[in-house]
file final-v5.cif (mmCIF, C-alpha atoms)
data_run
#
loop_
_atom_site.label_atom_id
_atom_site.label_comp_id
_atom_site.auth_asym_id
_atom_site.auth_seq_id
_atom_site.Cartn_x
_atom_site.Cartn_y
_atom_site.Cartn_z
CA MET A 130 -14.36 -15.60 -14.78
CA SER A 131 -17.39 -13.55 -15.72
CA SER A 132 -17.66 -12.11 -19.22
CA GLU A 133 -17.98 -8.54 -17.96
CA SER A 134 -14.56 -8.88 -16.30
CA HIS A 135 -12.96 -9.61 -19.67
CA SER A 136 -14.63 -6.59 -21.20
CA THR A 137 -12.93 -4.16 -18.81
CA SER A 138 -9.45 -5.66 -18.72
CA ALA A 139 -8.27 -4.75 -22.25
CA LYS A 140 -6.76 -1.42 -21.29
CA SER A 141 -3.76 0.26 -22.83
CA PRO A 142 -0.54 0.22 -20.74
CA HIS A 143 -0.82 3.84 -19.63
CA ASP A 144 -4.17 3.05 -17.99
CA ARG A 145 -2.80 0.33 -15.74
CA LYS A 146 -2.03 2.74 -12.89
CA ASP A 147 -5.61 4.04 -12.85
CA PRO A 148 -7.58 3.12 -9.71
CA VAL A 149 -9.40 -0.18 -10.07
CA VAL A 150 -12.34 -1.65 -8.20
CA TYR A 151 -12.69 -5.42 -7.99
CA VAL A 152 -16.17 -6.84 -7.41
CA VAL A 153 -16.80 -10.42 -6.24
CA ASP A 154 -20.44 -11.49 -6.17
CA ASP A 155 -22.12 -14.66 -7.46
CA ASP A 156 -25.25 -12.63 -8.35
CA GLU A 157 -24.84 -11.58 -12.00
CA GLY A 158 -27.44 -8.83 -11.67
CA MET A 159 -25.51 -7.28 -8.76
CA ARG A 160 -22.21 -7.51 -10.64
CA LEU A 161 -23.71 -5.75 -13.66
CA ALA A 162 -25.39 -3.09 -11.52
CA LEU A 163 -22.22 -2.33 -9.55
CA GLY A 164 -20.12 -2.33 -12.70
CA GLY A 165 -22.43 0.19 -14.33
CA LEU A 166 -22.57 2.38 -11.23
CA LEU A 167 -18.81 2.53 -10.77
CA ARG A 168 -18.05 3.05 -14.45
CA SER A 169 -20.54 5.92 -14.47
CA VAL A 170 -18.13 7.89 -12.27
CA GLY A 171 -15.11 6.97 -14.40
CA LEU A 172 -13.74 4.05 -12.40
CA ARG A 173 -12.17 0.95 -13.89
CA VAL A 174 -13.98 -2.19 -12.74
CA GLU A 175 -13.14 -5.92 -12.81
CA THR A 176 -15.99 -8.26 -11.79
CA PHE A 177 -15.85 -11.89 -10.74
CA GLU A 178 -18.40 -14.58 -10.02
CA SER A 179 -16.21 -16.50 -7.58
CA SER A 180 -13.36 -16.01 -5.16
CA GLN A 181 -11.23 -18.39 -7.24
CA ASP A 182 -11.59 -16.18 -10.33
CA PHE A 183 -10.61 -13.12 -8.33
CA LEU A 184 -7.57 -14.77 -6.73
CA ALA A 185 -6.33 -15.99 -10.12
CA PHE A 186 -6.65 -12.57 -11.76
CA PRO A 187 -3.39 -10.52 -11.97
CA LYS A 188 -3.64 -7.44 -9.76
CA ASP A 189 -2.37 -4.02 -10.82
CA ASP A 190 0.08 -2.00 -8.77
CA ALA A 191 -2.48 0.81 -8.52
CA PRO A 192 -4.90 2.13 -5.90
CA SER A 193 -7.61 -0.49 -5.62
CA CYS A 194 -10.33 -1.92 -3.44
CA LEU A 195 -12.46 -5.03 -3.28
CA ILE A 196 -16.26 -5.01 -3.06
CA LEU A 197 -17.14 -8.39 -1.64
CA ASP A 198 -20.43 -10.16 -0.98
CA VAL A 199 -20.26 -11.82 2.42
CA ARG A 200 -22.13 -14.87 1.13
CA LEU A 201 -20.68 -16.62 -1.91
CA ARG A 202 -21.26 -20.07 -3.31
CA GLY A 203 -18.52 -22.43 -2.19
CA GLU A 204 -16.68 -19.96 0.05
CA SER A 205 -17.86 -17.13 2.27
CA GLY A 206 -16.66 -13.60 1.75
CA LEU A 207 -15.13 -13.67 5.23
CA ALA A 208 -13.07 -16.72 4.23
CA LEU A 209 -11.91 -14.91 1.09
CA GLN A 210 -10.99 -11.88 3.20
CA GLU A 211 -8.76 -14.11 5.31
CA HIS A 212 -7.24 -15.74 2.22
CA VAL A 213 -6.53 -12.34 0.65
CA ALA A 214 -4.77 -11.16 3.81
CA LYS A 215 -2.61 -14.30 3.96
CA SER A 216 -1.66 -13.96 0.28
CA GLY A 217 -0.19 -10.50 0.91
CA VAL A 218 -2.80 -8.56 -1.08
CA ARG A 219 -3.48 -5.47 1.02
CA MET A 220 -6.32 -3.71 -0.78
CA PRO A 221 -9.19 -2.36 1.38
CA ILE A 222 -12.39 -4.41 1.40
CA VAL A 223 -15.97 -3.10 1.32
CA PHE A 224 -18.38 -5.84 2.37
CA MET A 225 -22.01 -6.03 1.29
CA THR A 226 -24.66 -8.45 2.44
CA GLY A 227 -28.36 -9.10 2.49
CA HIS A 228 -28.06 -11.22 5.61
CA GLY A 229 -25.64 -9.31 7.80
CA ASP A 230 -25.64 -9.37 11.56
CA ILE A 231 -23.65 -7.64 14.25
CA ALA A 232 -21.23 -10.51 14.85
CA MET A 233 -20.44 -10.81 11.14
CA THR A 234 -19.87 -7.07 10.83
CA VAL A 235 -17.56 -7.01 13.84
CA LYS A 236 -15.54 -9.97 12.52
CA ALA A 237 -15.15 -8.34 9.10
CA MET A 238 -14.13 -4.99 10.56
CA LYS A 239 -11.62 -6.56 12.95
CA ALA A 240 -10.08 -8.34 9.98
CA GLY A 241 -9.58 -5.01 8.21
CA ALA A 242 -12.76 -4.28 6.24
CA VAL A 243 -13.21 -0.54 5.71
CA ASP A 244 -16.99 -0.61 5.31
CA PHE A 245 -20.00 -2.93 5.53
CA LEU A 246 -23.12 -2.12 3.51
CA ALA A 247 -26.43 -3.96 3.91
CA LYS A 248 -28.43 -4.65 0.76
CA PRO A 249 -30.26 -2.79 -0.55
CA PHE A 250 -27.88 0.15 -0.21
CA ARG A 251 -28.00 3.62 -1.75
CA ASP A 252 -25.77 4.14 -4.77
CA GLN A 253 -24.17 7.14 -3.09
CA ASP A 254 -23.29 5.11 0.01
CA MET A 255 -21.42 2.62 -2.17
CA LEU A 256 -19.67 5.38 -4.12
CA ASP A 257 -18.63 7.06 -0.87
CA ALA A 258 -17.34 3.77 0.54
CA VAL A 259 -15.34 3.07 -2.62
CA ALA A 260 -13.91 6.60 -2.73
CA ASN A 261 -12.76 6.26 0.88
CA ALA A 262 -11.23 2.82 0.22
CA LEU A 263 -9.38 3.98 -2.90
CA ALA A 264 -8.04 7.06 -1.10
CA ARG A 265 -6.80 4.88 1.75
CA ASP A 266 -5.10 2.45 -0.64
CA GLY A 267 -3.54 5.33 -2.55
CA GLU A 268 -1.98 6.59 0.68
CA ARG A 269 -0.67 3.08 1.45
CA LEU A 270 0.92 2.74 -1.99
CA ALA A 271 2.50 6.19 -1.75
CA ALA A 272 4.01 5.30 1.64
CA GLU A 273 5.34 1.98 0.29
CA GLN A 274 6.85 3.68 -2.76
CA SER A 275 8.47 6.30 -0.53
CA ILE A 276 10.14 3.74 1.73
CA ALA A 277 11.23 1.71 -1.32
CA ALA A 278 12.93 4.82 -2.72
CA LEU A 279 14.62 5.41 0.65
CA ARG A 280 15.90 1.84 0.76
CA ALA A 281 17.28 2.20 -2.76
CA ALA A 282 19.03 5.44 -1.80
CA TYR A 283 20.52 3.87 1.34
CA GLY A 284 21.61 0.88 -0.72
CA SER A 285 23.59 3.21 -2.99
CA LEU A 286 25.78 4.36 -0.08
CA THR A 287 29.26 2.89 0.31
CA PRO A 288 30.06 1.14 3.63
CA ARG A 289 32.08 4.16 4.73
CA GLU A 290 29.27 6.56 3.78
CA ARG A 291 26.86 4.47 5.85
CA GLU A 292 29.22 4.66 8.80
CA VAL A 293 29.47 8.44 8.41
CA MET A 294 25.69 8.65 8.17
CA GLY A 295 25.38 6.74 11.44
CA PHE A 296 27.60 9.25 13.20
CA VAL A 297 25.80 12.22 11.60
CA VAL A 298 22.36 11.08 12.77
CA ALA A 299 23.87 10.44 16.21
CA GLY A 300 24.61 14.17 16.32
CA LEU A 301 28.39 14.19 15.90
CA MET A 302 30.20 17.05 14.17
CA ASN A 303 32.68 16.47 11.34
CA LYS A 304 35.65 16.85 13.67
CA GLN A 305 34.24 14.28 16.07
CA ILE A 306 33.43 11.86 13.25
CA ALA A 307 36.96 12.27 11.88
CA SER A 308 38.35 11.30 15.28
CA GLU A 309 36.02 8.30 15.61
CA MET A 310 36.84 7.01 12.12
CA ASN A 311 40.53 8.00 12.10
CA LEU A 312 40.00 10.11 8.98
CA SER A 313 40.80 13.67 8.04
CA GLU A 314 38.04 16.20 8.59
CA ILE A 315 37.97 17.07 4.88
CA THR A 316 37.45 13.39 3.99
CA VAL A 317 34.56 13.20 6.42
CA LYS A 318 33.10 16.35 4.91
CA ILE A 319 33.23 14.79 1.44
CA HIS A 320 31.58 11.58 2.64
CA ARG A 321 28.96 13.56 4.52
CA GLY A 322 28.18 15.57 1.39
CA GLN A 323 27.73 12.37 -0.60
CA VAL A 324 25.41 10.98 2.06
CA MET A 325 23.23 14.10 2.01
CA LYS A 326 23.15 14.07 -1.80
CA LYS A 327 22.37 10.37 -2.25
CA MET A 328 19.74 10.39 0.51
CA ALA A 329 18.25 13.62 -0.89
CA ALA A 330 18.29 15.02 2.64
CA ARG A 331 17.61 18.74 2.96
CA SER A 332 19.06 18.93 6.47
CA VAL A 333 20.46 16.78 9.27
CA ALA A 334 16.96 16.67 10.78
CA ASP A 335 15.63 15.36 7.46
CA LEU A 336 18.40 12.73 7.39
CA VAL A 337 17.49 11.67 10.92
CA ARG A 338 13.82 11.24 9.94
CA LYS A 339 14.81 9.15 6.94
CA SER A 340 17.16 6.98 8.97
CA GLU A 341 14.38 6.38 11.50
CA SER A 342 12.02 5.36 8.68
CA LEU A 343 14.65 2.88 7.50
CA GLY A 344 15.34 1.60 11.00
CA VAL A 345 18.99 2.65 10.79
CA ASP A 346 20.50 2.95 14.25
CA PRO A 347 22.74 5.95 15.00
CA GLN A 348 26.41 5.01 15.18
CA PRO A 349 27.42 4.97 18.87
CA GLN A 350 30.63 6.69 19.88
CA LYS A 351 33.51 4.43 20.72
CA SER A 352 34.39 4.12 24.36
CA PRO A 353 37.44 6.22 25.30
#
call {"tool": "encode", "arguments": {"input": "final-v5.cif", "output": "structure tokens"}}
result
Amino acid sequence: MSSESHSTSAKSPHDRKDPVVYVVDDDEGMRLALGGLLRSVGLRVETFESSQDFLAFPKDDAPSCLILDVRLRGESGLALQEHVAKSGVRMPIVFMTGHGDIAMTVKAMKAGAVDFLAKPFRDQDMLDAVANALARDGERLAAEQSIAALRAAYGSLTPREREVMGFVVAGLMNKQIASEMNLSEITVKIHRGQVMKKMAARSVADLVRKSESLGVDPQPQKSP
């Protein structure tokens, strides 16, 4: 791992959620230049000489992106892009190259790259590309955290509350649900209230949206 990577990794715990930009380039001059540029706008930067160093480095659960040279010693940037995707790391990738061509650009973009900058590039173009990538990753993380919170809320429901929820999102009224479940209407009302509270649903429509996000099917009515 490059020495400049070590110099930026000793952050206090409260900094670990700050956006981070990872740079992989076997050209030390380019690593130093990019590190200086990105730090000048307040970004945290981790730089690596090889794909192996990058893959071995622990990644933060924070908005991040990877600036990747398409030509690396030992392994191409496109190969690393494929390896990153297979490993489950989903950060956006900004490619840079001094030898790019149309076919290479198309392949990188189809594989999920968010930008492709030819060297030499303007500092502002790189900053814009990084800002766009970090914003995109921030949105992804927020969506993942939201669905994780929903799953946790749904997991807190009792089996009976889940059954009631299924009938509610199917559009049944308390009286109908009571008939379907062979319960009193007041019992259904209590369960329904617990469902709305635990799922933090503001309305039935909100509960329906959340159940759709979770992939929860509405409870079908029993055949007469």
call {"tool": "closest_residue", "arguments": {"input": "final-v5.cif", "among": "A:Leu270, A:Leu195, A:Leu336, A:Ile319", "to": "Ala242 (chain A)", "atoms": "all atoms listed in the file"}}
result
A:Leu195
call {"tool": "closest_residue", "arguments": {"input": "final-v5.cif", "among": "A:Asp198, A:Glu314, A:Asp189, A:Asp266", "to": "Met159 (chain A)", "atoms": "all atoms listed in the file"}}
result
A:Asp198
call {"tool": "residues_near_point", "arguments": {"input": "final-v5.cif", "point": "(25.4, 3.3, 8.8)", "cutoff": "12 Å", "atoms": "all atoms listed in the file", "output": "compact mmCIF listing (two decimals) with C-alpha atoms, in the coordinates of the input"}}
result
# COMPACT_ATOMS: atom_id res chain seq x y z
CA TYR A 283 20.52 3.87 1.34
CA GLY A 284 21.61 0.88 -0.72
CA SER A 285 23.59 3.21 -2.99
CA LEU A 286 25.78 4.36 -0.08
CA THR A 287 29.26 2.89 0.31
CA PRO A 288 30.06 1.14 3.63
CA ARG A 289 32.08 4.16 4.73
CA GLU A 290 29.27 6.56 3.78
CA ARG A 291 26.86 4.47 5.85
CA GLU A 292 29.22 4.66 8.80
CA VAL A 293 29.47 8.44 8.41
CA MET A 294 25.69 8.65 8.17
CA GLY A 295 25.38 6.74 11.44
CA PHE A 296 27.60 9.25 13.20
CA VAL A 297 25.80 12.22 11.60
CA VAL A 298 22.36 11.08 12.77
CA ALA A 299 23.87 10.44 16.21
CA ARG A 321 28.96 13.56 4.52
CA VAL A 324 25.41 10.98 2.06
CA LEU A 336 18.40 12.73 7.39
CA VAL A 337 17.49 11.67 10.92
CA SER A 340 17.16 6.98 8.97
CA GLU A 341 14.38 6.38 11.50
CA LEU A 343 14.65 2.88 7.50
CA GLY A 344 15.34 1.60 11.00
CA VAL A 345 18.99 2.65 10.79
CA ASP A 346 20.50 2.95 14.25
CA PRO A 347 22.74 5.95 15.00
CA GLN A 348 26.41 5.01 15.18
CA PRO A 349 27.42 4.97 18.87
call {"tool": "resolve_selection", "arguments": {"input": "final-v5.cif", "expression": "the PyMOL selection byres ((chain A and resi 252-259) around 10)", "output": "list in words"}}
result
Val150, Ala162, Leu163, Leu166, Leu167, Val170, Leu172, Ser193, Cys194, Leu195, Ile196, Pro221, Ile222, Val223, Phe224, Met225, Val243, Asp244, Phe245, Leu246, Pro249, Phe250, Arg251, Ala260, Asn261, Ala262, Leu263, Ala264 and Arg265 of chain A
call {"tool": "write_last_selection", "arguments": {"input": "final-v5.cif", "atoms": "C-alpha atoms", "output": "compact mmCIF listing (two decimals), keeping the file's coordinate frame"}}
result
# COMPACT_ATOMS: atom_id res chain seq x y z
CA VAL A 150 -12.34 -1.65 -8.20
CA ALA A 162 -25.39 -3.09 -11.52
CA LEU A 163 -22.22 -2.33 -9.55
CA LEU A 166 -22.57 2.38 -11.23
CA LEU A 167 -18.81 2.53 -10.77
CA VAL A 170 -18.13 7.89 -12.27
CA LEU A 172 -13.74 4.05 -12.40
CA SER A 193 -7.61 -0.49 -5.62
CA CYS A 194 -10.33 -1.92 -3.44
CA LEU A 195 -12.46 -5.03 -3.28
CA ILE A 196 -16.26 -5.01 -3.06
CA PRO A 221 -9.19 -2.36 1.38
CA ILE A 222 -12.39 -4.41 1.40
CA VAL A 223 -15.97 -3.10 1.32
CA PHE A 224 -18.38 -5.84 2.37
CA MET A 225 -22.01 -6.03 1.29
CA VAL A 243 -13.21 -0.54 5.71
CA ASP A 244 -16.99 -0.61 5.31
CA PHE A 245 -20.00 -2.93 5.53
CA LEU A 246 -23.12 -2.12 3.51
CA PRO A 249 -30.26 -2.79 -0.55
CA PHE A 250 -27.88 0.15 -0.21
CA ARG A 251 -28.00 3.62 -1.75
CA ALA A 260 -13.91 6.60 -2.73
CA ASN A 261 -12.76 6.26 0.88
CA ALA A 262 -11.23 2.82 0.22
CA LEU A 263 -9.38 3.98 -2.90
CA ALA A 264 -8.04 7.06 -1.10
CA ARG A 265 -6.80 4.88 1.75
call {"tool": "closest_residue", "arguments": {"input": "final-v5.cif", "among": "A:Ala214, A:Val149, A:Ala271, A:Leu184", "to": "Arg168 (chain A)", "atoms": "only C-alpha atoms"}}
result
A:Val149
call {"tool": "closest_residue", "arguments": {"input": "final-v5.cif", "among": "A:Met310, A:Leu201, A:Ile276, A:Leu207", "to": "Met238 (chain A)", "atoms": "only C-alpha atoms"}}
result
A:Leu207
call {"tool": "atom_distance", "arguments": {"input": "final-v5.cif", "atom1": "CA of Met302 (chain A)", "atom2": "CA of Ala281 (chain A)"}}
result
26.0 Å
